[in-house]
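**Q** Supplied structure: input-v1.txt, compact mmCIF, C-alpha atoms.
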# COMPACT_ATOMS: atom_id res chain seq x y z
CA MET A 97 85.66 174.21 92.90
CA VAL A 98 87.80 171.50 91.35
CA TYR A 99 90.92 173.16 92.77
CA VAL A 100 89.42 173.12 96.27
CA SER A 101 88.81 169.39 96.19
CA LEU A 102 92.16 168.73 94.53
CA ALA A 103 93.97 170.70 97.26
CA THR A 104 91.89 169.01 99.97
CA GLY A 105 92.83 165.63 98.58
CA PHE A 106 96.56 166.41 98.47
CA ILE A 107 96.49 167.84 102.00
CA LEU A 108 94.61 164.79 103.30
CA ILE A 109 97.22 162.49 101.74
CA LEU A 110 100.02 164.45 103.43
CA ILE A 111 98.23 164.51 106.80
CA GLY A 112 97.60 160.77 106.58
CA LEU A 113 101.19 159.93 105.67
CA TYR A 114 102.52 162.22 108.40
CA GLY A 115 100.33 160.45 110.93
CA ALA A 116 101.38 157.03 109.70
CA LEU A 117 105.08 157.94 109.85
CA THR A 118 105.15 159.60 113.26
CA ASN A 119 102.65 157.60 115.32
CA ARG A 120 103.82 154.51 117.14
CA ASN A 121 100.37 153.18 117.97
CA LEU A 122 99.03 150.69 115.41
CA LEU A 123 95.44 151.90 115.67
CA ARG A 124 96.49 155.49 115.04
CA MET A 125 98.51 154.34 112.03
CA ILE A 126 95.47 152.54 110.64
CA VAL A 127 93.37 155.69 111.06
CA SER A 128 96.13 157.69 109.32
CA PHE A 129 96.15 155.29 106.40
CA SER A 130 92.37 155.67 106.10
CA VAL A 131 92.79 159.46 105.98
CA ALA A 132 95.43 159.20 103.25
CA ASN A 133 93.17 156.77 101.39
CA THR A 134 90.32 159.29 101.47
CA GLY A 135 92.70 161.92 100.11
CA VAL A 136 93.58 159.72 97.14
CA HIS A 137 89.87 159.21 96.41
CA THR A 138 89.24 162.94 96.55
CA VAL A 139 92.08 163.65 94.12
CA LEU A 140 90.85 160.98 91.69
CA ILE A 141 87.30 162.31 91.73
CA ALA A 142 88.54 165.89 91.30
CA VAL A 143 90.61 164.92 88.25
CA GLY A 144 87.52 163.43 86.58
CA TYR A 145 85.51 166.62 87.06
CA LEU A 146 84.85 168.92 84.13
CA PRO A 147 83.61 172.45 84.91
CA GLY A 148 79.95 173.11 84.27
CA ARG A 149 78.96 169.50 83.71
CA THR A 150 76.75 167.08 85.60
CA ALA A 151 76.82 163.52 86.94
CA PRO A 152 77.14 160.67 84.42
CA ILE A 153 73.55 159.49 84.77
CA LEU A 154 71.26 159.74 81.76
CA ASP A 155 67.68 160.82 82.32
CA ALA A 156 65.21 163.44 81.13
CA ALA A 157 67.60 166.23 82.10
CA VAL A 158 70.58 164.65 80.34
CA PRO A 159 69.31 162.94 77.16
CA VAL A 160 71.49 160.38 75.42
CA ILE A 161 72.27 162.58 72.40
CA GLU A 162 73.71 165.39 74.53
CA ALA A 163 75.46 163.08 76.98
CA ALA A 164 78.99 163.54 75.60
CA GLU A 165 78.73 167.32 76.04
CA ARG A 166 76.91 167.31 79.38
CA ILE A 167 78.47 164.71 81.69
CA ILE A 168 81.75 164.47 83.58
CA ASP A 169 84.21 161.63 83.12
CA PRO A 170 82.63 158.43 84.53
CA VAL A 171 85.84 156.36 84.54
CA PRO A 172 87.48 157.89 87.67
CA GLN A 173 84.20 157.44 89.53
CA ALA A 174 84.14 153.75 88.67
CA LEU A 175 87.79 153.50 89.73
CA VAL A 176 87.11 155.21 93.05
CA LEU A 177 84.17 152.91 93.73
CA THR A 178 86.59 150.02 93.34
CA ALA A 179 89.23 151.80 95.43
CA ILE A 180 86.81 152.43 98.30
CA VAL A 181 85.88 148.77 98.48
CA ILE A 182 89.49 147.61 98.35
CA GLY A 183 90.41 150.26 100.93
CA LEU A 184 87.78 148.88 103.25
CA GLY A 185 89.18 145.40 102.81
CA VAL A 186 92.70 146.61 103.58
CA THR A 187 91.47 148.45 106.69
CA ALA A 188 89.62 145.36 107.92
CA LEU A 189 92.74 143.25 107.43
CA MET A 190 94.93 145.78 109.25
CA LEU A 191 92.50 145.84 112.16
CA ALA A 192 92.39 142.06 112.34
CA TYR A 193 96.21 141.86 112.38
CA ALA A 194 96.41 144.64 114.96
CA TYR A 195 94.00 142.68 117.14
CA LYS A 196 96.08 139.55 116.72
CA LEU A 197 99.28 141.43 117.58
CA PHE A 198 97.64 142.86 120.68
CA ALA A 199 96.46 139.41 121.69
CA THR A 200 99.95 137.90 121.35
CA HIS A 201 102.15 140.81 122.54
CA GLY A 202 99.81 142.76 124.82
CA THR A 203 100.76 146.05 123.20
CA LEU A 204 99.95 148.12 120.13
CA ASP A 205 103.21 150.08 120.17
CA ILE A 206 105.01 149.28 116.93
CA SER A 207 108.47 149.87 118.42
CA ARG A 208 107.88 146.97 120.81
CA PHE A 209 107.55 144.45 118.01
CA THR A 210 111.21 143.55 117.65
CA GLU A 211 111.17 140.01 116.22
CA LEU A 212 112.11 141.11 112.72
CA LYS A 213 114.54 143.79 113.83
CA TRP A 214 118.23 143.37 113.11
CA MET B 176 113.00 163.47 117.24
CA ILE B 177 115.11 162.35 114.29
CA ARG B 178 112.15 160.27 113.05
CA ARG B 179 109.97 163.32 113.02
CA VAL B 180 112.54 165.31 111.03
CA VAL B 181 112.97 162.51 108.49
CA ALA B 182 109.20 162.20 108.15
CA PHE B 183 108.93 165.95 107.69
CA VAL B 184 111.59 166.02 104.98
CA LEU B 185 109.93 163.14 103.14
CA LEU B 186 106.54 164.79 103.31
CA ALA B 187 107.96 168.15 102.25
CA GLY B 188 109.35 166.46 99.13
CA LEU B 189 106.03 164.79 98.43
CA GLY B 190 104.28 168.09 99.08
CA MET B 191 106.50 169.77 96.48
CA VAL B 192 105.50 167.10 93.94
CA PHE B 193 101.84 167.64 94.79
CA ALA B 194 102.23 171.41 94.57
CA GLY B 195 103.74 171.02 91.11
CA LEU B 196 100.84 168.83 90.03
CA PHE B 197 98.34 171.24 91.55
CA VAL B 198 99.78 174.35 89.89
CA GLY B 199 100.07 172.62 86.52
CA TYR B 200 96.57 171.17 86.60
CA SER B 201 93.83 172.54 84.42
CA PRO B 202 90.51 170.75 83.99
CA ASP B 203 89.85 169.22 80.58
CA ALA B 204 87.38 171.00 78.35
CA ALA B 205 86.06 167.82 76.72
CA LEU B 206 85.85 164.15 77.62
CA ASN B 207 88.78 161.96 76.69
CA LEU B 208 88.31 159.24 74.08
CA SER B 209 87.24 156.36 76.30
CA ALA B 210 84.89 158.51 78.39
CA ASP B 211 83.45 159.90 75.17
CA TYR B 212 82.80 156.37 73.94
CA TYR B 213 81.05 155.49 77.20
CA ALA B 214 78.95 158.66 77.08
CA ARG B 215 77.79 158.06 73.51
CA ASN B 216 77.32 154.30 73.46
CA THR B 217 76.36 153.18 76.97
CA ALA B 218 72.62 153.63 76.42
CA ALA B 219 72.64 151.70 73.15
CA ASP B 220 75.12 149.02 74.28
CA THR B 221 73.83 148.19 77.73
CA GLY B 222 70.56 150.07 78.29
CA ALA B 223 71.80 151.38 81.65
CA ALA B 224 71.06 154.99 82.60
CA ASN B 225 73.89 155.14 85.13
CA ILE B 226 77.09 155.10 83.09
CA VAL B 227 79.26 154.33 86.12
CA THR B 228 77.24 151.17 86.72
CA ALA B 229 77.50 150.20 83.06
CA ILE B 230 81.29 150.53 83.26
CA ILE B 231 81.57 148.58 86.49
CA VAL B 232 79.17 145.75 85.72
CA THR B 233 79.52 145.34 81.96
CA TYR B 234 82.41 147.11 80.27
CA ARG B 235 84.84 146.28 83.07
CA GLY B 236 82.86 143.41 84.56
CA LEU B 237 85.90 141.16 84.81
CA ASP B 238 87.65 143.72 87.03
CA THR B 239 84.61 143.82 89.26
CA LEU B 240 84.69 140.05 89.53
CA GLY B 241 88.31 140.41 90.64
CA GLU B 242 87.34 143.10 93.12
CA VAL B 243 84.63 140.92 94.62
CA THR B 244 87.21 138.14 94.85
CA VAL B 245 89.58 140.45 96.74
CA LEU B 246 86.80 141.30 99.14
CA PHE B 247 86.01 137.61 99.58
CA LEU B 248 89.66 136.88 100.30
CA THR B 249 89.73 139.68 102.87
CA ALA B 250 86.68 138.29 104.64
CA ALA B 251 88.22 134.82 104.58
CA VAL B 252 91.56 136.01 105.95
CA VAL B 253 89.88 138.06 108.68
CA ALA B 254 87.91 134.96 109.67
CA LEU B 255 91.08 132.85 109.56
CA VAL B 256 93.12 135.29 111.64
CA LEU B 257 90.45 135.81 114.25
CA ARG B 258 88.75 132.44 114.32
CA ARG B 259 91.13 130.66 116.65
CA GLU B 260 90.50 133.25 119.34
CA SER B 261 86.75 132.78 119.28
CA ALA B 262 87.09 129.01 119.59
CA ARG B 263 87.73 129.32 123.31
CA ALA B 264 84.64 131.40 123.94
CA ASN B 265 84.46 132.44 127.54
CA PRO B 266 81.09 132.85 129.19
CA ALA B 267 79.60 136.22 128.45
CA ALA B 268 81.41 139.10 130.09
CA ASP B 269 79.19 141.40 132.10
CA HIS B 270 77.94 143.72 129.41
CA ARG B 271 75.91 146.62 130.58
CA PRO B 272 72.44 146.43 129.02
CA VAL B 273 71.95 148.94 126.24
CA GLY B 274 69.34 151.63 126.46
CA GLU B 275 65.68 151.28 125.64
CA LEU B 276 66.05 153.88 122.92
CA LEU B 277 68.68 151.88 121.04
CA GLN B 278 66.77 148.62 121.37
CA THR B 279 63.48 150.01 120.11
CA GLY B 280 65.25 152.05 117.46
CA THR B 281 67.01 148.94 116.17
CA ARG B 282 63.77 146.98 115.92
CA LEU B 283 62.25 149.83 113.95
CA LEU B 284 65.22 150.65 111.77
CA VAL B 285 66.72 147.28 110.77
CA PRO B 286 63.90 146.30 108.35
CA LEU B 287 63.89 149.82 106.89
CA ILE B 288 67.66 149.76 106.39
CA MET B 289 67.40 146.37 104.68
CA LEU B 290 64.68 147.79 102.42
CA ALA B 291 66.86 150.79 101.58
CA ALA B 292 69.72 148.42 100.79
CA ALA B 293 67.54 146.35 98.45
CA TYR B 294 66.34 149.56 96.78
CA VAL B 295 69.88 150.83 96.29
CA PHE B 296 71.20 147.66 94.73
CA THR B 297 68.22 146.91 92.49
CA ASN B 298 68.23 150.50 91.15
CA GLY B 299 71.96 150.60 90.56
CA HIS B 300 71.53 150.93 86.80
CA LEU B 301 69.20 153.95 87.11
CA THR B 302 70.29 156.01 90.10
CA PRO B 303 73.52 156.59 92.02
CA GLY B 304 74.18 153.44 93.98
CA GLY B 305 74.55 149.78 93.26
CA GLY B 306 75.68 146.50 94.69
CA PHE B 307 78.65 147.69 96.70
CA GLN B 308 76.79 150.60 98.25
CA GLY B 309 73.69 148.47 98.89
CA GLY B 310 75.81 145.75 100.44
CA ALA B 311 77.43 148.28 102.76
CA ILE B 312 73.99 149.59 103.77
CA ALA B 313 72.79 146.04 104.51
CA ALA B 314 75.91 145.47 106.61
CA SER B 315 75.14 148.64 108.56
CA ALA B 316 71.89 146.98 109.69
CA VAL B 317 73.97 144.07 111.00
CA LEU B 318 76.25 146.56 112.75
CA LEU B 319 73.23 148.18 114.40
CA MET B 320 72.07 144.79 115.66
CA LEU B 321 75.55 144.11 117.04
CA LEU B 322 75.51 147.48 118.81
CA THR B 323 72.24 146.66 120.56
CA ASP B 324 73.30 143.19 121.55
CA PRO B 325 77.07 142.64 121.44
CA MET B 326 76.59 138.99 122.39
CA ARG B 327 74.28 138.31 119.45
CA ARG B 328 75.46 135.44 117.30
CA PHE B 329 74.81 135.39 113.58
CA SER B 330 74.56 132.15 111.69
CA HIS B 331 77.87 131.83 109.88
CA ARG B 332 76.42 129.01 107.85
CA LEU B 333 73.64 131.27 106.53
CA ILE B 334 76.05 134.12 105.78
CA SER B 335 78.45 131.88 103.90
CA ARG B 336 75.58 130.19 102.01
CA VAL B 337 74.28 133.58 100.82
CA GLU B 338 77.78 134.66 99.92
CA SER B 339 78.84 131.56 98.01
CA THR B 340 75.50 131.18 96.20
CA ALA B 341 75.65 134.79 95.03
CA GLY B 342 79.23 134.32 93.89
CA VAL B 343 78.53 131.12 91.95
CA VAL B 344 75.45 132.58 90.25
CA TYR B 345 77.45 135.70 89.37
CA VAL B 346 80.10 133.63 87.60
CA ALA B 347 77.40 131.44 85.99
CA ILE B 348 75.76 134.57 84.53
CA GLY B 349 79.14 135.62 83.24
CA VAL B 350 79.62 132.27 81.49
CA LEU B 351 76.07 132.49 80.09
CA GLY B 352 77.11 135.79 78.54
CA LEU B 353 79.92 133.92 76.84
CA VAL B 354 77.45 131.38 75.40
CA LEU B 355 74.39 133.51 74.61
CA ALA B 356 75.81 136.98 73.95
CA GLY B 357 79.02 138.74 73.03
CA GLY B 358 81.37 137.72 75.83
CA PHE B 359 82.02 137.04 79.50
CA LEU B 360 79.59 139.01 81.72
CA ASP B 361 77.78 140.48 78.69
CA ASN B 362 74.49 141.85 80.02
CA ARG B 363 72.55 141.22 76.81
CA ILE B 364 71.59 137.67 77.79
CA LEU B 365 68.30 139.24 78.96
CA PRO B 366 66.31 141.72 76.84
CA LEU B 367 67.49 145.30 77.31
CA GLY B 368 63.93 146.54 77.88
CA ALA B 369 62.75 150.13 77.89
CA PHE B 370 65.48 152.63 78.76
CA GLY B 371 65.06 153.97 82.31
CA GLU B 372 62.68 151.27 83.56
CA LEU B 373 63.45 149.18 86.64
CA LEU B 374 63.49 145.94 84.64
CA SER B 375 65.83 147.06 81.90
CA ALA B 376 69.50 146.98 81.03
CA GLY B 377 69.55 143.20 80.60
CA ALA B 378 71.40 141.33 83.32
CA ILE B 379 72.78 144.42 85.09
CA PRO B 380 70.13 144.58 87.88
CA VAL B 381 70.49 140.82 88.44
CA ILE B 382 74.29 140.97 88.59
CA TYR B 383 74.29 144.04 90.82
CA SER B 384 71.75 142.48 93.21
CA LEU B 385 73.97 139.42 93.46
CA ILE B 386 76.99 141.64 94.12
CA GLY B 387 74.93 143.46 96.76
CA LEU B 388 74.06 140.21 98.53
CA LYS B 389 77.64 138.99 98.32
CA VAL B 390 79.17 142.23 99.58
CA GLY B 391 76.58 142.52 102.36
CA ALA B 392 77.30 138.95 103.46
CA GLU B 393 81.06 139.53 103.36
CA PHE B 394 80.91 142.75 105.41
CA SER B 395 78.54 141.06 107.86
CA SER B 396 80.85 138.11 108.31
CA MET B 397 83.81 140.45 108.90
CA MET B 398 81.88 142.35 111.56
CA ALA B 399 80.53 139.20 113.15
CA ASN B 400 84.06 137.78 113.36
CA LEU B 401 85.49 140.98 114.82
CA SER B 402 82.67 141.19 117.36
CA GLU B 403 82.95 137.56 118.39
CA THR B 404 86.65 137.80 119.13
CA GLU B 405 86.13 141.00 121.05
CA ASP B 406 84.06 139.41 123.77
CA THR B 407 86.09 136.30 124.45
Could I get this file's structure written as structure tokens?
**A**
Amino acid sequence: MVYVSLATGFILILIGLYGALTNRNLLRMIVSFSVANTGVHTVLIAVGYLPGRTAPILDAAVPVIEAAERIIDPVPQALVLTAIVIGLGVTALMLAYAYKLFATHGTLDISRFTELKW
Amino acid sequence: MIRRVVAFVLLAGLGMVFAGLFVGYSPDAALNLSADYYARNTAADTGAANIVTAIIVTYRGLDTLGEVTVLFLTAAVVALVLRRESARANPAADHRPVGELLQTGTRLLVPLIMLAAAYVFTNGHLTPGGGFQGGAIAASAVLLMLLTDPMRRFSHRLISRVESTAGVVYVAIGVLGLVLAGGFLDNRILPLGAFGELLSAGAIPVIYSLIGLKVGAEFSSMMANLSETEDT
């Protein structure tokens, strides 16, 4: 199971980067970055998984004394929660800049933005 | 064509690295030291049943404060980048009226979604969920309202009041932790209470509710800004 999600994560990263490198349209690049971002999250979560264990939430089924033997690693989950929020912020910023670029240049094609080209 | 080849070569290299990692990976049999500490001591230290929440709000509370700051900066920059456009608001473009189904559904669902959001962020220390998730749910209610009426205007003053009040109180609670308990953002300024109850885990439910309000307000302001520029 952990290998499936690990492989899915790696493949998603590659798909996302491929899309970001080959597409010329800014919106498609933003979508590609989101896909790669999701892949990174999947890999992180998969790395924190330990076979045969359960979620890091203590209750009647997972009493405090047995917790260290029963739960998976909570740290990657906390990290991914942070990463999702930051990823959303980055996506929102990219969309805002893409909008601004469209408003000033009338195009979303990245090869038409030549001001910084030498 | 050459771009595609270069991209392919780059990705093939990265894929090789990933393949190496994948083949060499074997899941741990036991928790590592820090995770083991969290598993054994979270209940006694913080009184929170959800260890992820305890890590985010208490053990690594300072990082979460930084994360909320990043989100605030994003919302501010989005507003800054898009604001000038919305200043010259044209009269409403001819939007086609949305369907009866969506309108009635929105009226029914928005209060329920808000309730679900409040549930998720007040129960963050007991169940999966918390301030960030609850804030995102609350923002989805705002998104639904924007879908029904794209010309709807939200009070930016109200949104920014909610956001800044939540932020200031969050930092004030952190400083109180410095004065009354063991350190910045220590949750033991309030009694830990009975393990597993709603009102337990000290300041964690309070802090996470504030984060929920702040995140919800930030997401809402981002969406409101994006929507307002769209129809100029």
**Q** Within 7 Å of chain B, which residues of chain A show up when using all atoms listed in the file, listed as number ranges by chain?
**A** A: 106, 110, 114, 117-118, 146, 152-155, 160, 163-164, 169-171, 173-174, 178, 182, 185, 189, 192
**Q** Need the shell around Phe129 of chain A: protein/DNA/RNA residues with any atom at most 7 Å away, counting all atoms listed in the file. Skip same-chain ones fewer than 5 positions apart. Format as a list in words?
**A**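 Non-adjacent residues within range: Gly112, Leu113 and Ala116 of chain A.
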**Q** At what distance in Å, to one decimal, does atom CA of Gly202 of chain A lie from atom CA of Arg120 of chain A?
**A**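 About the pair atom CA of Arg120 of chain A and atom CA of Gly202 of chain A: they are 14.6 Å apart.
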**Q** Expressed in Å to a single decimal, how great is the separation between atom CA of Ala376 of chain B and atom CA of Thr221 of chain B?
**A** 5.6 Å
**Q** Of the candidates B:Gly299, B:Leu333, B:Gly309, B:Thr279, which one gets nearest to Val381 of chain B if we count all atoms listed in the file?
**A**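 When distances to Val381 of chain B are compared using all atoms listed in the file, the smallest one comes from B:Gly299.
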**Q** Suppose you want the space between atom CA of Leu284 of chain B and atom CA of Asp324 of chain B; what is it in Å?
**A**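 That distance, rounded to one decimal, is 14.7 Å.
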**Q** I'd like the neighbourhood of Val346 of chain B as JSON, numbers by chain, where a residue qualifies if any of its atoms comes within 10 Å (using only C-alpha atoms), though same-chain residues fewer than 5 positions away should be ignored.
**A** {"B": [237, 240, 341, 351, 352, 359, 360, 382]}
**Q** Determine the nearest neighbour of Leu191 of chain A from the options A:Thr104, A:Thr210, A:Asn119, A:Ser130, counting all atoms listed in the file.
**A**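 Among the listed residues, A:Ser130 lies closest to Leu191 of chain A.
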**Q** For Ala103 of chain A, which residue out of A:Thr187, A:Thr138, A:Ser207, A:Asn133 is the nearest one, using all atoms listed in the file?
**A**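 For Ala103 of chain A, the nearest of the candidates is A:Thr138.
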**Q** Once you add 5 Å to each side, what are the centre and edge lengths of the axis-aligned box holding all listed atoms of segment 386-392 of chain B? One decimal in Å, as lines of an AutoDock Vina configuration file, if you can.
**A**
center_x = 76.6
center_y = 141.2
center_z = 98.8
size_x = 15.1
size_y = 14.5
size_z = 19.3
**Q** Fewer than 3 positions away in the same chain doesn't count, so skip those; otherwise give me all residues within 7 Å of Gly144 of chain A, counting only C-alpha atoms, as a list in words.
**A** Leu140, Ile141, Ile168, Asp169 and Pro172 of chain A
**Q** With distances taken over only C-alpha atoms, which residue among A:Leu108, A:Ile206, A:Ile180, A:Met97 lies nearest Gly135 of chain A?
**A** A:Leu108
